[in-house]
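Novice: Below is a structure I'd like to ask you about.
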There are 2 protein chains.
Amino acid sequence: MQVPTRDPRLRVMIAPGLSQAKPADVMRGEETQVAGALALMPKFDGVFCLPGTHSKWVHVSAGEAVSFQTFMTGEMFALLSQHSVLRHGMGGEGADEAAFTQGLTDAMDRPDRISARLFTLRAEGLLNGLTPDAARARLSGLLIGLELAAAKPYWLGQRIALIGAGALSTRYANALALQGQTAEILDATACTLAGLAAANGQIQKVTA
Amino acid sequence: MQVPTRDPRLRVMIAPGLSQAKPADVMRGEETQVAGALALMPKFDGVFCLPGTHSKWVHVSAGEAVSFQTFMTGEMFALLSQHSVLRHGMGGEGADEAAFTQGLTDAMDRPDRISARLFTLRAEGLLNGLTPDAARARLSGLLIGLELAAAKPYWLGQRIALIGAGALSTRYANALALQGQTAEILDATACTLAGLAAANGQIQKVTA
């Protein structure tokens with residue numbers, strides 16, 4: 001989509017997002033990374049996972065996004081760890097791997113009980129001395145586990161690529177490994193640049 | 001527990017809360033309402049539900065609280081409806097009963113998919129014209145449904161009394177009715193006063 005500019009020598013384009021009718025969903029930005037990942041791996045068939053504030057799972061087949069789903073995992077984590085009653089017992093980096101795995105396993109095994117698990121973090125801080133670091137890691141595990149439980153139709157038995165290097169993607173990869181799934185990790189910047197280059201290539205072709 | 005006062009003619013007491021070792025949980029205030037409900041209905045055997053910011057379910061038998069569990073339903077609703085991306089499409093009273101029931105049914109049927117349902121509210125607002133009122137009611141239904149799914153071991157086949165008159169308790173009663181459960185509704189103020197009177201009666205007896 002072309003954007004008006006004051007300088008006629010400039011031609012600025014905005015890549016459109018994706019929308020899906022059912023279940024209703026929207027994507028604004030991640031589609032460029034997915035297109036870039038496909039440009040880098042043209043034969044990829046499986047799912048991309050883009051962890052973050054609004055995590056996206058995208059099922060790709062024959063070079064096309066077939067379906068996708070958004071999960072508010074990162075935003076829920078920020079709200080609960082910083083703005084809810086749980087903030088009183090949260091802190092540090094939340095890098096306690098054992099606590100993360102416990103939360104993850106709890107949520108994956110019984111996602112229906114998630115609503116009962118959250119306040120327990122507060123109570124365990126008050127009664128059992130649960131450390132702020134462990135509480136934060138357990139909350140992260142619970143919420144990522146809840147996402148993975150709901151996203152199971154996406155990842156089960158599929159080839160999985162996580163877009164986004166860094167600690168969060170490593171957590172997702174480890175969590176998936178516990179479910180017997182291997183995930184490769186792609187660099188987000190490389191995917192974004194490849195996606196923009198691919199979009200630019202298409203524009204040049206169309207307007208040539 | 002007696003509190004120090006400057007005027008020796010005053011004797012101020014604070015009623016202690018309840019704590020539970022496993023699963024770790026705490027209660028500060030609701031125990032007085034539960035004691036009051038038991039004072040009003042001494043033969044009550046079943047569960048009390050106290051809906052609110054931190055909803056409590058309390059299993060009572062032979063005049064004693066046997067176990068209880070806290071759910072962060074009200075706080076989650078406030079955070080998601082006012083501070084998350086969902087706030088853009090939320091408004092009104094959320095009194096759309098059909099939307100509430102849809103959210104409730106979705107969450108009760110597939111609580112494991114809750115994480116996938118939330119962002120759908122935002123997307124349906126953008127794509128399908130979901131009204132702010134319906135979005136708010138559906139969110140309420142989703143979160144109360146999630147609580148009821150996790151609290152099922154409490155309410156299934158039990159006598160249920162909701163403490164707290166008003167719209168929220170009516171919603172819980174209607175939600176439980178959809179599960180084939182009848183719940184009576186008790187006035188919160190009456191329970192609080194009866195609970196304080198009962199505590200005072202015990203103090204008078206002990207110190208007489």
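Identifiers in the structure tokens: chain A, B, ... in order shown; residue index from 1 per chain; ligand index from 1 in order shown.
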Step one, run DSSP on the backbone; step two, keep only residues of chain B assigned to strand (DSSP E); then write them as a PyMOL selection string.

Specialist: chain B and resi 2-3+12-13+18-20+25-27+46-50+55-61+64-71+160-163+183-186

Novice: When the cut-off is 9 Å and we count only C-alpha atoms, which residues of chain A are near chain B, given as a PyMOL selection string?

Specialist: chain A and resi 19-21+23-26+54+69-73+75-76+79-80+83-85+107-108+110-124+126-128+143+146-147+149-151

Novice: Output N, CA and C atoms for every residue in the selection just made, as a compact mmCIF listing (two decimals), in the first residue's frame.

Specialist:
# COMPACT_ATOMS: atom_id res chain seq x y z
N SER A 19 -5.37 -10.87 7.95
CA SER A 19 -6.52 -11.11 8.82
C SER A 19 -7.12 -12.46 8.46
N GLN A 20 -7.77 -13.05 9.42
CA GLN A 20 -8.37 -14.38 9.26
C GLN A 20 -9.81 -14.28 9.76
N ALA A 21 -10.72 -14.85 8.98
CA ALA A 21 -12.14 -14.71 9.34
C ALA A 21 -12.53 -15.59 10.52
N PRO A 23 -11.04 -18.86 13.19
CA PRO A 23 -11.40 -17.89 14.24
C PRO A 23 -10.80 -16.53 13.92
N ALA A 24 -11.57 -15.48 14.22
CA ALA A 24 -11.15 -14.12 13.89
C ALA A 24 -9.77 -13.86 14.48
N ASP A 25 -8.88 -13.32 13.65
CA ASP A 25 -7.53 -13.01 14.13
C ASP A 25 -6.89 -12.00 13.19
N VAL A 26 -5.95 -11.26 13.72
CA VAL A 26 -5.22 -10.28 12.90
C VAL A 26 -3.73 -10.34 13.23
N HIS A 54 2.10 -10.61 22.08
CA HIS A 54 0.99 -11.36 21.47
C HIS A 54 1.61 -12.44 20.59
N GLN A 69 -2.97 -18.17 14.81
CA GLN A 69 -3.67 -17.90 16.06
C GLN A 69 -2.78 -17.07 16.98
N THR A 70 -3.42 -16.10 17.64
CA THR A 70 -2.69 -15.20 18.54
C THR A 70 -2.99 -15.55 19.99
N PHE A 71 -1.98 -15.50 20.82
CA PHE A 71 -2.10 -15.77 22.26
C PHE A 71 -1.53 -14.58 23.03
N MET A 72 -2.27 -14.12 24.04
CA MET A 72 -1.85 -12.91 24.75
C MET A 72 -0.86 -13.21 25.88
N THR A 73 -0.02 -14.20 25.68
CA THR A 73 0.84 -14.71 26.75
C THR A 73 1.76 -13.64 27.35
N GLU A 75 1.57 -10.37 27.19
CA GLU A 75 0.83 -9.29 27.83
C GLU A 75 0.25 -9.75 29.18
N MET A 76 -0.26 -10.97 29.23
CA MET A 76 -0.76 -11.53 30.50
C MET A 76 0.37 -11.59 31.53
N LEU A 79 1.02 -8.04 32.77
CA LEU A 79 -0.06 -7.56 33.64
C LEU A 79 -0.01 -8.25 35.00
N LEU A 80 0.12 -9.57 34.99
CA LEU A 80 0.07 -10.31 36.25
C LEU A 80 1.31 -10.06 37.10
N HIS A 83 1.20 -5.74 37.62
CA HIS A 83 0.03 -4.95 38.02
C HIS A 83 -0.98 -5.69 38.88
N SER A 84 -0.81 -6.98 39.08
CA SER A 84 -1.78 -7.72 39.92
C SER A 84 -1.22 -7.87 41.32
N VAL A 85 -1.99 -8.50 42.19
CA VAL A 85 -1.53 -8.76 43.56
C VAL A 85 -0.27 -9.62 43.55
N ALA A 107 0.63 -26.45 34.00
CA ALA A 107 -0.32 -25.88 33.03
C ALA A 107 -0.58 -26.84 31.88
N MET A 108 0.45 -27.54 31.43
CA MET A 108 0.26 -28.48 30.32
C MET A 108 -0.59 -29.68 30.75
N ARG A 110 -2.78 -29.85 33.36
CA ARG A 110 -4.15 -29.48 33.73
C ARG A 110 -4.42 -28.02 33.39
N PRO A 111 -4.48 -27.70 32.10
CA PRO A 111 -4.72 -26.30 31.73
C PRO A 111 -6.05 -25.78 32.29
N ASP A 112 -6.99 -26.70 32.51
CA ASP A 112 -8.30 -26.28 33.04
C ASP A 112 -8.18 -25.75 34.46
N ARG A 113 -7.08 -26.02 35.14
CA ARG A 113 -6.93 -25.57 36.52
C ARG A 113 -6.13 -24.28 36.63
N ILE A 114 -5.81 -23.65 35.50
CA ILE A 114 -4.92 -22.48 35.52
C ILE A 114 -5.41 -21.42 36.51
N SER A 115 -6.71 -21.24 36.53
CA SER A 115 -7.29 -20.17 37.34
C SER A 115 -7.03 -20.42 38.83
N ALA A 116 -6.83 -21.68 39.19
CA ALA A 116 -6.54 -22.02 40.59
C ALA A 116 -5.06 -21.90 40.92
N ARG A 117 -4.22 -21.91 39.88
CA ARG A 117 -2.77 -21.94 40.11
C ARG A 117 -2.20 -20.55 40.39
N LEU A 118 -2.85 -19.54 39.87
CA LEU A 118 -2.23 -18.21 39.91
C LEU A 118 -2.10 -17.67 41.33
N PHE A 119 -3.22 -17.65 42.06
CA PHE A 119 -3.16 -17.08 43.41
C PHE A 119 -2.26 -17.90 44.33
N THR A 120 -2.09 -19.19 44.00
CA THR A 120 -1.20 -20.04 44.78
C THR A 120 0.22 -19.45 44.85
N LEU A 121 0.63 -18.77 43.78
CA LEU A 121 1.97 -18.15 43.79
C LEU A 121 2.07 -17.13 44.91
N ARG A 122 1.01 -16.36 45.08
CA ARG A 122 1.00 -15.36 46.15
C ARG A 122 1.01 -16.03 47.52
N ALA A 123 0.15 -17.04 47.66
CA ALA A 123 0.03 -17.72 48.95
C ALA A 123 1.32 -18.46 49.30
N GLU A 124 1.96 -19.06 48.31
CA GLU A 124 3.21 -19.77 48.60
C GLU A 124 4.32 -18.80 48.99
N LEU A 126 3.72 -16.07 50.75
CA LEU A 126 3.41 -15.69 52.13
C LEU A 126 3.66 -16.84 53.10
N LEU A 127 3.31 -18.06 52.70
CA LEU A 127 3.31 -19.18 53.66
C LEU A 127 4.55 -20.05 53.57
N ASN A 128 5.05 -20.27 52.34
CA ASN A 128 6.13 -21.25 52.17
C ASN A 128 7.45 -20.63 51.73
N LEU A 143 2.03 -19.62 32.13
CA LEU A 143 1.41 -18.94 30.99
C LEU A 143 1.88 -19.51 29.66
N LEU A 146 0.12 -22.75 29.29
CA LEU A 146 -1.27 -22.53 28.88
C LEU A 146 -1.35 -22.27 27.38
N GLU A 147 -0.40 -21.50 26.88
CA GLU A 147 -0.35 -21.24 25.43
C GLU A 147 -0.09 -22.54 24.67
N ALA A 149 -0.65 -25.55 25.56
CA ALA A 149 -1.82 -26.45 25.64
C ALA A 149 -2.84 -26.08 24.57
N ALA A 150 -3.09 -24.77 24.43
CA ALA A 150 -4.10 -24.33 23.46
C ALA A 150 -3.57 -24.42 22.03
N ALA A 151 -2.26 -24.29 21.87
CA ALA A 151 -1.67 -24.29 20.52
C ALA A 151 -1.31 -25.69 20.04

Novice: I'd like to know which of B:Val58, B:Val206, B:Leu196, B:Met13 is closest to Ile160 in chain B, using only C-alpha atoms.

Specialist: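 So, comparing all the options, the nearest one is B:Val58.
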
Novice: Using only C-alpha atoms, can you tell me which of A:Ala65, A:Pro8, A:Gly201, A:Lys43 comes closest to Glu31 in chain A?

Specialist: A:Ala65

Novice: With distances taken over only C-alpha atoms, which residue among A:Thr53, A:Asn200, A:Ser140, A:Gln102 lies nearest Leu178 in chain A?

Specialist: A:Gln102

Novice: Which neighbours of Val60 in chain A fall inside 12 Å, counting only C-alpha atoms, when residues of the same chain fewer than 2 positions from it are skipped, and could you give them as a PyMOL selection string?

Specialist: chain A and resi 31+34-35+37-38+41-49+57-58+62-68+154-155+158-161

Novice: Now that the selection is made, can you save its residues with N, CA, C and O atoms as a compact mmCIF listing (two decimals), in the first residue's frame?

Specialist:
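Writing done, so here's part22.txt:
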# COMPACT_ATOMS: atom_id res chain seq x y z
N GLU A 31 3.70 -10.93 9.81
CA GLU A 31 3.61 -11.56 8.48
C GLU A 31 4.88 -11.30 7.66
O GLU A 31 5.28 -12.12 6.84
N VAL A 34 7.38 -13.81 8.82
CA VAL A 34 7.04 -15.13 8.27
C VAL A 34 7.43 -15.20 6.79
O VAL A 34 8.03 -16.18 6.34
N ALA A 35 7.12 -14.13 6.05
CA ALA A 35 7.51 -14.11 4.63
C ALA A 35 9.03 -14.20 4.49
O ALA A 35 9.54 -14.87 3.60
N ALA A 37 11.12 -15.62 6.68
CA ALA A 37 11.54 -16.98 7.02
C ALA A 37 11.32 -17.90 5.83
O ALA A 37 12.15 -18.76 5.52
N LEU A 38 10.20 -17.68 5.10
CA LEU A 38 9.92 -18.50 3.92
C LEU A 38 10.88 -18.19 2.78
O LEU A 38 11.23 -19.07 1.99
N MET A 41 13.90 -20.08 3.76
CA MET A 41 13.70 -21.54 3.74
C MET A 41 12.49 -21.83 2.85
O MET A 41 11.41 -22.16 3.35
N PRO A 42 12.64 -21.72 1.53
CA PRO A 42 11.48 -21.78 0.62
C PRO A 42 10.70 -23.09 0.72
O PRO A 42 9.51 -23.13 0.42
N LYS A 43 11.34 -24.16 1.16
CA LYS A 43 10.65 -25.45 1.19
C LYS A 43 9.99 -25.73 2.54
O LYS A 43 9.50 -26.83 2.78
N PHE A 44 10.02 -24.73 3.44
CA PHE A 44 9.51 -24.97 4.80
C PHE A 44 8.03 -25.34 4.79
O PHE A 44 7.19 -24.67 4.18
N ASP A 45 7.72 -26.41 5.50
CA ASP A 45 6.34 -26.84 5.64
C ASP A 45 6.14 -27.17 7.12
O ASP A 45 6.82 -28.05 7.65
N GLY A 46 5.29 -26.46 7.80
CA GLY A 46 5.12 -26.70 9.23
C GLY A 46 4.57 -25.46 9.91
O GLY A 46 3.70 -24.79 9.34
N VAL A 47 5.03 -25.16 11.12
CA VAL A 47 4.52 -23.98 11.82
C VAL A 47 5.65 -23.07 12.27
O VAL A 47 6.72 -23.52 12.67
N PHE A 48 5.35 -21.78 12.18
CA PHE A 48 6.23 -20.78 12.78
C PHE A 48 5.58 -20.33 14.08
O PHE A 48 4.35 -20.14 14.15
N CYS A 49 6.41 -20.15 15.10
CA CYS A 49 5.93 -19.58 16.35
C CYS A 49 6.73 -18.32 16.61
O CYS A 49 7.96 -18.32 16.53
N TRP A 57 1.12 -18.18 16.29
CA TRP A 57 1.43 -19.49 15.70
C TRP A 57 0.86 -19.47 14.29
O TRP A 57 -0.32 -19.17 14.09
N VAL A 58 1.72 -19.79 13.31
CA VAL A 58 1.30 -19.70 11.92
C VAL A 58 1.56 -21.03 11.22
O VAL A 58 2.70 -21.50 11.18
N ALA A 62 3.10 -25.20 1.51
CA ALA A 62 3.30 -24.82 0.10
C ALA A 62 3.50 -23.32 -0.05
O ALA A 62 2.93 -22.69 -0.95
N GLY A 63 4.27 -22.73 0.88
CA GLY A 63 4.63 -21.31 0.75
C GLY A 63 3.54 -20.34 1.16
O GLY A 63 3.68 -19.13 0.99
N GLU A 64 2.44 -20.86 1.73
CA GLU A 64 1.34 -19.96 2.14
C GLU A 64 0.99 -20.13 3.60
O GLU A 64 1.04 -21.24 4.13
N ALA A 65 0.58 -19.02 4.24
CA ALA A 65 0.06 -19.10 5.60
C ALA A 65 -1.36 -19.64 5.52
O ALA A 65 -2.25 -19.02 4.95
N VAL A 66 -1.59 -20.83 6.08
CA VAL A 66 -2.87 -21.52 5.97
C VAL A 66 -3.81 -21.05 7.09
O VAL A 66 -5.01 -20.85 6.88
N SER A 67 -3.27 -20.90 8.29
CA SER A 67 -4.07 -20.43 9.42
C SER A 67 -3.12 -19.89 10.48
O SER A 67 -1.93 -20.22 10.47
N PHE A 68 -3.65 -19.06 11.36
CA PHE A 68 -2.80 -18.59 12.46
C PHE A 68 -3.65 -18.27 13.67
O PHE A 68 -4.89 -18.16 13.58
N TYR A 154 -1.55 -26.82 16.59
CA TYR A 154 -0.55 -26.25 15.68
C TYR A 154 0.73 -27.07 15.67
O TYR A 154 1.25 -27.41 14.61
N TRP A 155 1.28 -27.33 16.89
CA TRP A 155 2.64 -27.88 16.92
C TRP A 155 2.75 -29.40 16.93
O TRP A 155 3.79 -29.94 16.59
N GLN A 158 4.39 -31.48 14.07
CA GLN A 158 4.76 -30.59 12.96
C GLN A 158 6.24 -30.20 13.04
O GLN A 158 6.85 -30.27 14.10
N ARG A 159 6.77 -29.76 11.93
CA ARG A 159 8.07 -29.10 11.93
C ARG A 159 7.84 -27.70 12.52
O ARG A 159 6.91 -26.99 12.11
N ILE A 160 8.66 -27.31 13.48
CA ILE A 160 8.45 -26.04 14.19
C ILE A 160 9.68 -25.15 14.07
O ILE A 160 10.80 -25.60 14.31
N ALA A 161 9.46 -23.89 13.72
CA ALA A 161 10.55 -22.91 13.75
C ALA A 161 10.11 -21.72 14.58
O ALA A 161 9.04 -21.14 14.35

Novice: Just how far from CA of Ala183 in chain A is CA of Gly164 in chain A, in Å to one decimal?

Specialist: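 Those two atoms sit 12.0 Å apart.
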
Novice: Pick out the closest residue to Gln2 in chain A from this set: A:Ala137, A:Leu162, A:Ile14, A:Ala177. Count only C-alpha atoms.

Specialist: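 Closest residue, counting only C-alpha atoms: A:Ile14.
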
Novice: Between A:Ala135, A:Ile203, A:Ala198, A:Ala165, which is the closest to Pro51 in chain A once you count only C-alpha atoms?

Specialist: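 Distance minimum relative to Pro51 in chain A lands on A:Ala165.
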
Novice: Please report the interatomic distance between CA of Thr5 in chain A and CA of Gly17 in chain A in Å with one decimal.

Specialist: 21.2 Å

Novice: Figure out the distance between CA of Leu40 in chain B and CA of Ala199 in chain B, please, to one decimal in Å.

Specialist: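 According to the coordinates, CA of Ala199 in chain B and CA of Leu40 in chain B are separated by 13.3 Å.
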
Novice: Pick out each residue of range 20-107 of chain B that DSSP on the backbone tags as helix (DSSP H, G or I); I need them as a VMD selection string.

Specialist: chain B and resid 30 to 40 73 to 83 85 to 89 97 to 107
